[in-house]
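**Q** My file is data-v4.pdb. It has PDB, C-alpha atoms, pLDDT in the B column:
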```pdb
MODEL        1
ATOM      1  CA  ALA A   1      20.956 -15.073  -2.306  1.00 95.00           C
ATOM      2  CA  ASP A   2      18.039 -16.315  -4.399  1.00 97.00           C
ATOM      3  CA  SER A   3      14.690 -16.036  -2.644  1.00 97.00           C
ATOM      4  CA  ALA A   4      12.917 -18.025  -5.397  1.00 97.00           C
ATOM      5  CA  LYS A   5      15.228 -20.973  -4.705  1.00 97.00           C
ATOM      6  CA  GLY A   6      14.615 -20.353  -1.024  1.00 98.00           C
ATOM      7  CA  ARG A   7      10.882 -20.578  -1.570  1.00 97.00           C
ATOM      8  CA  ALA A   8      11.315 -23.946  -3.308  1.00 96.00           C
ATOM      9  CA  LYS A   9      13.400 -25.217  -0.390  1.00 96.00           C
ATOM     10  CA  ALA A  10      10.946 -23.804   2.166  1.00 97.00           C
ATOM     11  CA  VAL A  11       8.367 -26.496   1.453  1.00 96.00           C
ATOM     12  CA  GLN A  12      10.207 -28.492   4.099  1.00 95.00           C
ATOM     13  CA  CYS A  13       9.819 -25.650   6.616  1.00 97.00           C
ATOM     14  CA  GLN A  14       6.158 -24.868   6.093  1.00 96.00           C
ATOM     15  CA  ALA A  15       4.551 -27.450   8.383  1.00 95.00           C
ATOM     16  CA  CYS A  16       5.921 -25.503  11.361  1.00 97.00           C
ATOM     17  CA  HIS A  17       6.837 -22.039  10.038  1.00 98.00           C
ATOM     18  CA  GLY A  18       4.213 -21.603   7.291  1.00 97.00           C
ATOM     19  CA  MET A  19       4.944 -20.728   3.651  1.00 97.00           C
ATOM     20  CA  ASP A  20       3.934 -17.199   4.685  1.00 97.00           C
ATOM     21  CA  GLY A  21       6.417 -17.269   7.581  1.00 98.00           C
ATOM     22  CA  ILE A  22       3.676 -17.280  10.207  1.00 97.00           C
ATOM     23  CA  ALA A  23       4.237 -20.236  12.515  1.00 97.00           C
ATOM     24  CA  LYS A  24       1.675 -23.036  12.627  1.00 96.00           C
ATOM     25  CA  ILE A  25       2.631 -24.158  16.124  1.00 96.00           C
ATOM     26  CA  PRO A  26       3.362 -22.048  19.208  1.00 94.00           C
ATOM     27  CA  GLU A  27       6.823 -23.550  19.769  1.00 95.00           C
ATOM     28  CA  ALA A  28       8.029 -22.321  16.370  1.00 97.00           C
ATOM     29  CA  PRO A  29       8.894 -18.702  15.658  1.00 98.00           C
ATOM     30  CA  ASN A  30       7.334 -16.575  12.959  1.00 98.00           C
ATOM     31  CA  LEU A  31       9.971 -15.995  10.282  1.00 98.00           C
ATOM     32  CA  ALA A  32       8.216 -13.504   7.997  1.00 98.00           C
ATOM     33  CA  GLY A  33      10.366 -10.419   7.576  1.00 97.00           C
ATOM     34  CA  GLN A  34      12.962 -11.646  10.042  1.00 98.00           C
ATOM     35  CA  ASN A  35      16.477 -10.276   9.608  1.00 97.00           C
ATOM     36  CA  GLU A  36      18.455 -12.274   7.065  1.00 97.00           C
ATOM     37  CA  ASP A  37      21.716 -12.274   9.028  1.00 98.00           C
ATOM     38  CA  TYR A  38      19.891 -13.643  12.060  1.00 98.00           C
ATOM     39  CA  LEU A  39      18.200 -16.405  10.049  1.00 98.00           C
ATOM     40  CA  VAL A  40      21.455 -17.513   8.401  1.00 98.00           C
ATOM     41  CA  LYS A  41      23.181 -17.665  11.785  1.00 98.00           C
ATOM     42  CA  ALA A  42      20.311 -19.674  13.273  1.00 98.00           C
ATOM     43  CA  LEU A  43      20.516 -22.251  10.467  1.00 98.00           C
ATOM     44  CA  LYS A  44      24.323 -22.473  10.699  1.00 98.00           C
ATOM     45  CA  ASP A  45      24.141 -22.905  14.465  1.00 98.00           C
ATOM     46  CA  PHE A  46      21.550 -25.682  14.157  1.00 98.00           C
ATOM     47  CA  LYS A  47      23.681 -27.397  11.511  1.00 98.00           C
ATOM     48  CA  SER A  48      26.890 -27.134  13.567  1.00 97.00           C
ATOM     49  CA  GLY A  49      25.192 -28.146  16.807  1.00 96.00           C
ATOM     50  CA  ALA A  50      25.938 -24.808  18.494  1.00 96.00           C
ATOM     51  CA  ARG A  51      22.172 -24.481  18.828  1.00 96.00           C
ATOM     52  CA  GLN A  52      19.992 -27.491  19.533  1.00 95.00           C
ATOM     53  CA  ASN A  53      16.397 -28.282  18.698  1.00 95.00           C
ATOM     54  CA  ASP A  54      14.824 -31.686  18.107  1.00 93.00           C
ATOM     55  CA  MET A  55      13.424 -30.659  14.739  1.00 95.00           C
ATOM     56  CA  MET A  56      15.864 -28.028  13.511  1.00 97.00           C
ATOM     57  CA  SER A  57      19.023 -29.975  14.353  1.00 95.00           C
ATOM     58  CA  VAL A  58      17.840 -32.681  11.939  1.00 96.00           C
ATOM     59  CA  VAL A  59      16.510 -30.565   9.100  1.00 96.00           C
ATOM     60  CA  ALA A  60      19.395 -28.074   9.055  1.00 97.00           C
ATOM     61  CA  LYS A  61      22.034 -30.808   8.752  1.00 97.00           C
ATOM     62  CA  PRO A  62      21.824 -31.334   4.957  1.00 96.00           C
ATOM     63  CA  LEU A  63      21.517 -27.629   4.068  1.00 98.00           C
ATOM     64  CA  SER A  64      24.340 -26.046   2.075  1.00 98.00           C
ATOM     65  CA  ASP A  65      25.532 -22.491   2.639  1.00 98.00           C
ATOM     66  CA  ASP A  66      23.577 -21.514  -0.481  1.00 98.00           C
ATOM     67  CA  ASP A  67      20.435 -23.229   0.817  1.00 98.00           C
ATOM     68  CA  MET A  68      20.692 -21.314   4.094  1.00 98.00           C
ATOM     69  CA  ALA A  69      21.259 -17.981   2.347  1.00 98.00           C
ATOM     70  CA  ASN A  70      18.338 -18.632  -0.019  1.00 98.00           C
ATOM     71  CA  LEU A  71      15.969 -19.675   2.763  1.00 98.00           C
ATOM     72  CA  ALA A  72      16.888 -16.596   4.795  1.00 98.00           C
ATOM     73  CA  ALA A  73      16.325 -14.392   1.730  1.00 98.00           C
ATOM     74  CA  TYR A  74      12.925 -15.983   1.137  1.00 98.00           C
ATOM     75  CA  PHE A  75      11.600 -15.608   4.672  1.00 98.00           C
ATOM     76  CA  HIS A  76      13.022 -12.100   4.954  1.00 98.00           C
ATOM     77  CA  SER A  77      11.369 -11.139   1.656  1.00 97.00           C
ATOM     78  CA  LEU A  78       7.909 -11.945   3.005  1.00 97.00           C
ATOM     79  CA  GLY A  79       7.971  -8.753   5.056  1.00 89.00           C
ATOM     80  CA  ARG A  80       6.479  -8.267   8.448  1.00 82.00           C
TER      81      ARG A  80
ATOM     82  CA  ALA B   1       1.994 -12.782  32.431  1.00 95.00           C
ATOM     83  CA  ASP B   2       2.030  -8.991  32.742  1.00 97.00           C
ATOM     84  CA  SER B   3       3.002  -7.181  29.557  1.00 97.00           C
ATOM     85  CA  ALA B   4       3.192  -3.794  31.351  1.00 97.00           C
ATOM     86  CA  LYS B   5       5.867  -5.200  33.668  1.00 97.00           C
ATOM     87  CA  GLY B   6       7.470  -6.702  30.575  1.00 98.00           C
ATOM     88  CA  ARG B   7       7.574  -3.292  28.937  1.00 97.00           C
ATOM     89  CA  ALA B   8       9.338  -1.847  31.991  1.00 96.00           C
ATOM     90  CA  LYS B   9      11.911  -4.646  31.884  1.00 96.00           C
ATOM     91  CA  ALA B  10      12.339  -4.296  28.117  1.00 97.00           C
ATOM     92  CA  VAL B  11      14.305  -1.057  28.439  1.00 96.00           C
ATOM     93  CA  GLN B  12      17.342  -3.320  28.735  1.00 95.00           C
ATOM     94  CA  CYS B  13      16.437  -5.056  25.450  1.00 97.00           C
ATOM     95  CA  GLN B  14      15.738  -2.007  23.331  1.00 96.00           C
ATOM     96  CA  ALA B  15      19.243  -1.094  22.185  1.00 95.00           C
ATOM     97  CA  CYS B  16      19.241  -4.257  20.041  1.00 97.00           C
ATOM     98  CA  HIS B  17      15.591  -5.328  19.727  1.00 98.00           C
ATOM     99  CA  GLY B  18      13.841  -1.934  19.830  1.00 97.00           C
ATOM    100  CA  MET B  19      11.025  -0.972  22.182  1.00 97.00           C
ATOM    101  CA  ASP B  20       8.761  -1.644  19.188  1.00 97.00           C
ATOM    102  CA  GLY B  21      10.320  -5.114  18.737  1.00 98.00           C
ATOM    103  CA  ILE B  22      11.962  -4.163  15.456  1.00 97.00           C
ATOM    104  CA  ALA B  23      15.662  -4.938  15.720  1.00 97.00           C
ATOM    105  CA  LYS B  24      18.169  -2.097  15.578  1.00 96.00           C
ATOM    106  CA  ILE B  25      21.028  -4.302  14.395  1.00 96.00           C
ATOM    107  CA  PRO B  26      21.001  -7.031  11.724  1.00 94.00           C
ATOM    108  CA  GLU B  27      22.343  -9.733  14.064  1.00 95.00           C
ATOM    109  CA  ALA B  28      19.342  -9.380  16.371  1.00 97.00           C
ATOM    110  CA  PRO B  29      15.910 -10.765  15.547  1.00 98.00           C
ATOM    111  CA  ASN B  30      12.741  -8.732  15.382  1.00 98.00           C
ATOM    112  CA  LEU B  31      10.579  -9.734  18.357  1.00 98.00           C
ATOM    113  CA  ALA B  32       7.340  -7.860  17.631  1.00 98.00           C
ATOM    114  CA  GLY B  33       4.445 -10.293  17.600  1.00 97.00           C
ATOM    115  CA  GLN B  34       6.701 -13.291  18.063  1.00 98.00           C
ATOM    116  CA  ASN B  35       5.105 -16.339  19.646  1.00 97.00           C
ATOM    117  CA  GLU B  36       5.191 -16.136  23.434  1.00 97.00           C
ATOM    118  CA  ASP B  37       6.099 -19.794  23.992  1.00 98.00           C
ATOM    119  CA  TYR B  38       9.039 -19.428  21.631  1.00 98.00           C
ATOM    120  CA  LEU B  39      10.277 -16.266  23.373  1.00 98.00           C
ATOM    121  CA  VAL B  40      10.068 -17.805  26.858  1.00 98.00           C
ATOM    122  CA  LYS B  41      12.011 -20.856  25.688  1.00 98.00           C
ATOM    123  CA  ALA B  42      14.672 -18.672  24.061  1.00 98.00           C
ATOM    124  CA  LEU B  43      15.195 -16.724  27.298  1.00 98.00           C
ATOM    125  CA  LYS B  44      15.281 -19.897  29.426  1.00 98.00           C
ATOM    126  CA  ASP B  45      17.784 -21.501  27.051  1.00 98.00           C
ATOM    127  CA  PHE B  46      20.032 -18.435  27.152  1.00 98.00           C
ATOM    128  CA  LYS B  47      19.832 -18.392  30.951  1.00 98.00           C
ATOM    129  CA  SER B  48      20.596 -22.119  31.304  1.00 97.00           C
ATOM    130  CA  GLY B  49      23.357 -22.042  28.692  1.00 96.00           C
ATOM    131  CA  ALA B  50      21.524 -24.441  26.353  1.00 96.00           C
ATOM    132  CA  ARG B  51      21.663 -21.612  23.843  1.00 96.00           C
ATOM    133  CA  GLN B  52      24.676 -19.325  23.630  1.00 94.00           C
ATOM    134  CA  ASN B  53      25.066 -15.743  22.523  1.00 95.00           C
ATOM    135  CA  ASP B  54      27.635 -13.198  23.699  1.00 93.00           C
ATOM    136  CA  MET B  55      24.976 -10.662  24.605  1.00 95.00           C
ATOM    137  CA  MET B  56      21.966 -12.796  25.516  1.00 97.00           C
ATOM    138  CA  SER B  57      23.842 -15.259  27.720  1.00 95.00           C
ATOM    139  CA  VAL B  58      24.788 -12.332  29.971  1.00 96.00           C
ATOM    140  CA  VAL B  59      21.518 -10.418  30.040  1.00 96.00           C
ATOM    141  CA  ALA B  60      19.258 -13.461  30.486  1.00 97.00           C
ATOM    142  CA  LYS B  61      21.179 -14.725  33.527  1.00 97.00           C
ATOM    143  CA  PRO B  62      19.472 -12.516  36.172  1.00 97.00           C
ATOM    144  CA  LEU B  63      15.941 -12.851  34.749  1.00 98.00           C
ATOM    145  CA  SER B  64      13.340 -14.619  36.886  1.00 98.00           C
ATOM    146  CA  ASP B  65      10.660 -16.881  35.425  1.00 98.00           C
ATOM    147  CA  ASP B  66       8.208 -14.013  35.886  1.00 98.00           C
ATOM    148  CA  ASP B  67      10.539 -11.587  34.099  1.00 98.00           C
ATOM    149  CA  MET B  68      10.795 -13.967  31.146  1.00 98.00           C
ATOM    150  CA  ALA B  69       7.034 -14.499  30.971  1.00 98.00           C
ATOM    151  CA  ASN B  70       6.412 -10.750  31.187  1.00 98.00           C
ATOM    152  CA  LEU B  71       8.987  -9.888  28.526  1.00 98.00           C
ATOM    153  CA  ALA B  72       7.543 -12.522  26.187  1.00 98.00           C
ATOM    154  CA  ALA B  73       4.034 -11.161  26.793  1.00 98.00           C
ATOM    155  CA  TYR B  74       5.202  -7.613  26.034  1.00 98.00           C
ATOM    156  CA  PHE B  75       6.986  -8.394  22.765  1.00 98.00           C
ATOM    157  CA  HIS B  76       4.171 -10.691  21.656  1.00 98.00           C
ATOM    158  CA  SER B  77       1.619  -7.976  22.416  1.00 97.00           C
ATOM    159  CA  LEU B  78       3.248  -5.562  19.957  1.00 97.00           C
ATOM    160  CA  GLY B  79       1.786  -7.539  17.084  1.00 89.00           C
ATOM    161  CA  ARG B  80       3.422  -8.146  13.755  1.00 81.00           C
TER     162      ARG B  80
ENDMDL
END
```
Turn the structure described in the file into structure tokens.

**A**
Amino acid sequence: ADSAKGRAKAVQCQACHGMDGIAKIPEAPNLAGQNEDYLVKALKDFKSGARQNDMMSVVAKPLSDDDMANLAAYFHSLGR
Amino acid sequence: ADSAKGRAKAVQCQACHGMDGIAKIPEAPNLAGQNEDYLVKALKDFKSGARQNDMMSVVAKPLSDDDMANLAAYFHSLGR
């Protein structure tokens, strides 16, 4: 996975999750340093509908497998 | 919410999430310093079935609203 590509894609995440992975709103989780496997599964589950959230169900829909892997690598790379 | 009561309850979380909120297994998220509102919603969604996970759907079932608030307070209190 390519965390630099993930960073580029993460501009669409930052209003809620922050470019630094520290959430801007209390409903959203911090993502900085989160486990990559967990983040990929969360994105896949939002895309498939297995997990539901007003915001995430919409924004995850167009993500490719590569996008999800890259985003997870980026947020994981930020460290805790 | 009472983070000391949350800590007592968290012994059942620690095999996966760690007493320090740093996950022991890659499938589980780190919880240390996570936003309280987010953690309460996650537990409620696992209990109601809105969110599904082999482990969490089972362990969240018996938790009371107080338990969930206390657990969220404990893991939030650990800081990032």

**Q** With only C-alpha atoms as the counted atoms, please give the residues lying no more than 12 Å from Ala42 in chain A, apart from itself and same-chain residues fewer than 4 positions off, as a list in words.

**A** Pro29, Leu31, Gln34, Asn35, Glu36, Asp37, Tyr38, Phe46, Lys47, Ser48, Gly49, Ala50, Arg51, Gln52, Asn53, Met56, Ser57, Ala60, Met68, Ala69, Leu71 and Ala72 of chain A; Glu27, Ala28, Pro29, Arg51, Gln52 and Asn53 of chain B

**Q** Once chain A is superposed on chain B with a least-squares fit on all C-alpha pairs taken in order, can you show it as a compact mmCIF listing (two decimals) with C-alpha atoms, in the coordinates of the input?

**A**
```txt
# COMPACT_ATOMS: atom_id res chain seq x y z
CA ALA A 1 2.04 -12.77 32.41
CA ASP A 2 2.05 -8.98 32.75
CA SER A 3 3.01 -7.18 29.56
CA ALA A 4 3.20 -3.80 31.35
CA LYS A 5 5.87 -5.21 33.66
CA GLY A 6 7.48 -6.71 30.58
CA ARG A 7 7.58 -3.31 28.94
CA ALA A 8 9.34 -1.85 31.99
CA LYS A 9 11.91 -4.65 31.88
CA ALA A 10 12.35 -4.31 28.11
CA VAL A 11 14.31 -1.08 28.44
CA GLN A 12 17.34 -3.34 28.73
CA CYS A 13 16.45 -5.07 25.45
CA GLN A 14 15.73 -2.02 23.33
CA ALA A 15 19.25 -1.11 22.19
CA CYS A 16 19.25 -4.26 20.04
CA HIS A 17 15.60 -5.33 19.72
CA GLY A 18 13.84 -1.94 19.82
CA MET A 19 11.02 -0.98 22.20
CA ASP A 20 8.76 -1.66 19.20
CA GLY A 21 10.31 -5.11 18.74
CA ILE A 22 11.97 -4.16 15.46
CA ALA A 23 15.67 -4.94 15.72
CA LYS A 24 18.19 -2.10 15.58
CA ILE A 25 21.04 -4.30 14.37
CA PRO A 26 21.00 -7.03 11.72
CA GLU A 27 22.35 -9.73 14.05
CA ALA A 28 19.34 -9.38 16.37
CA PRO A 29 15.91 -10.75 15.54
CA ASN A 30 12.73 -8.73 15.38
CA LEU A 31 10.58 -9.73 18.35
CA ALA A 32 7.34 -7.86 17.63
CA GLY A 33 4.44 -10.28 17.60
CA GLN A 34 6.69 -13.29 18.05
CA ASN A 35 5.10 -16.35 19.66
CA GLU A 36 5.19 -16.15 23.44
CA ASP A 37 6.10 -19.80 24.00
CA TYR A 38 9.05 -19.42 21.64
CA LEU A 39 10.29 -16.26 23.37
CA VAL A 40 10.07 -17.80 26.85
CA LYS A 41 12.01 -20.86 25.68
CA ALA A 42 14.68 -18.67 24.07
CA LEU A 43 15.19 -16.72 27.30
CA LYS A 44 15.28 -19.90 29.42
CA ASP A 45 17.78 -21.50 27.05
CA PHE A 46 20.04 -18.44 27.16
CA LYS A 47 19.83 -18.39 30.96
CA SER A 48 20.58 -22.12 31.30
CA GLY A 49 23.35 -22.05 28.70
CA ALA A 50 21.51 -24.44 26.36
CA ARG A 51 21.66 -21.60 23.84
CA GLN A 52 24.66 -19.31 23.63
CA ASN A 53 25.06 -15.72 22.53
CA ASP A 54 27.62 -13.18 23.71
CA MET A 55 24.95 -10.65 24.63
CA MET A 56 21.95 -12.78 25.52
CA SER A 57 23.83 -15.25 27.72
CA VAL A 58 24.76 -12.32 29.98
CA VAL A 59 21.50 -10.41 30.04
CA ALA A 60 19.25 -13.46 30.48
CA LYS A 61 21.17 -14.71 33.53
CA PRO A 62 19.47 -12.50 36.17
CA LEU A 63 15.93 -12.85 34.75
CA SER A 64 13.34 -14.63 36.88
CA ASP A 65 10.66 -16.89 35.42
CA ASP A 66 8.21 -14.01 35.88
CA ASP A 67 10.54 -11.59 34.10
CA MET A 68 10.81 -13.97 31.14
CA ALA A 69 7.04 -14.50 30.96
CA ASN A 70 6.41 -10.75 31.18
CA LEU A 71 8.99 -9.89 28.52
CA ALA A 72 7.55 -12.52 26.18
CA ALA A 73 4.04 -11.16 26.79
CA TYR A 74 5.21 -7.62 26.04
CA PHE A 75 6.99 -8.39 22.78
CA HIS A 76 4.18 -10.69 21.66
CA SER A 77 1.62 -7.97 22.42
CA LEU A 78 3.25 -5.57 19.97
CA GLY A 79 1.78 -7.54 17.07
CA ARG A 80 3.39 -8.13 13.75
```

**Q** Would you kindly translate the PyMOL selection byres ((chain A and resi 32) around 8) into the concrete residues it picks from this file, as a PyMOL selection string?

**A** chain A and resi 20-22+30-31+33-34+75-80

**Q** Those residues you just picked out, can you put them in a file as a PDB file, keeping the file's coordinate frame with C-alpha atoms?

**A**
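Output contents, as saved in part00.pdb:
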```pdb
ATOM      1  CA  ASP A  20       3.934 -17.199   4.685  1.00 97.00           C
ATOM      2  CA  GLY A  21       6.417 -17.269   7.581  1.00 98.00           C
ATOM      3  CA  ILE A  22       3.676 -17.280  10.207  1.00 97.00           C
ATOM      4  CA  ASN A  30       7.334 -16.575  12.959  1.00 98.00           C
ATOM      5  CA  LEU A  31       9.971 -15.995  10.282  1.00 98.00           C
ATOM      6  CA  GLY A  33      10.366 -10.419   7.576  1.00 97.00           C
ATOM      7  CA  GLN A  34      12.962 -11.646  10.042  1.00 98.00           C
ATOM      8  CA  PHE A  75      11.600 -15.608   4.672  1.00 98.00           C
ATOM      9  CA  HIS A  76      13.022 -12.100   4.954  1.00 98.00           C
ATOM     10  CA  SER A  77      11.369 -11.139   1.656  1.00 97.00           C
ATOM     11  CA  LEU A  78       7.909 -11.945   3.005  1.00 97.00           C
ATOM     12  CA  GLY A  79       7.971  -8.753   5.056  1.00 89.00           C
ATOM     13  CA  ARG A  80       6.479  -8.267   8.448  1.00 82.00           C
TER      14      ARG A  80
END
```

**Q** Calculate how many Å separate CA of Ala15 in chain A from CA of Ala23 in chain B, rounding to one decimal.

**A**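 CA of Ala23 in chain B lies at a distance of 26.2 Å from CA of Ala15 in chain A.
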
**Q** Any idea what the distance is between CA of Ala1 in chain A and CA of Lys24 in chain B?

**A**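 It comes out at 22.3 Å.
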
**Q** Hey, what's within 8 Å of Met19 in chain A if we count only C-alpha atoms and toss same-chain stuff fewer than 6 positions away? As JSON, numbers by chain, please?

**A** {"A": [7, 10, 11, 13]}

**Q** I'd like the interatomic distance between CA of Leu39 in chain B and CA of Ser64 in chain A, to a tenth of an Å.

**A** 27.3 Å

**Q** Can you tell me, as a ChimeraX atom specification, what residues are no more than 6 Å from Ser3 in chain A when counting all atoms listed in the file, ignoring any on the same chain fewer than 5 positions away?

**A** /A:70,73-74

**Q** The selected residues should be written to file as a compact mmCIF listing (two decimals), in the coordinates of the input (atoms: C-alpha atoms).

**A**
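So the final result, stored in again_21.txt, reads:
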```
# COMPACT_ATOMS: atom_id res chain seq x y z
CA ASN A 70 18.34 -18.63 -0.02
CA ALA A 73 16.32 -14.39 1.73
CA TYR A 74 12.92 -15.98 1.14
```

**Q** Taking into account all atoms listed in the file, which residue in the set B:Leu63, B:Leu43, B:Met55, B:Ile25 is nearest to chain A?

**A**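 Closest candidate: B:Ile25.
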
**Q** Return the single residue from B:Asp67, B:Asp45, B:Asp2, B:Asp54 that is closest to chain A, with distances computed using only C-alpha atoms.

**A**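 Selected residue with least distance to chain A: B:Asp45.
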
**Q** Box for range 50-53 of chain A - axis-aligned, 6 Å on each of the six sides, all listed atoms - centre and size in Å to one decimal, as AutoDock Vina command-line options.

**A**
```
--center_x 21.2 --center_y -26.4 --center_z 19.0 --size_x 21.5 --size_y 15.8 --size_z 13.0
```

**Q** Go through B:Pro26, B:Val40, B:Val58, B:Asp66 and flag the residue nearest chain A, using only C-alpha atoms for the distances.

**A**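 Closest candidate: B:Pro26.
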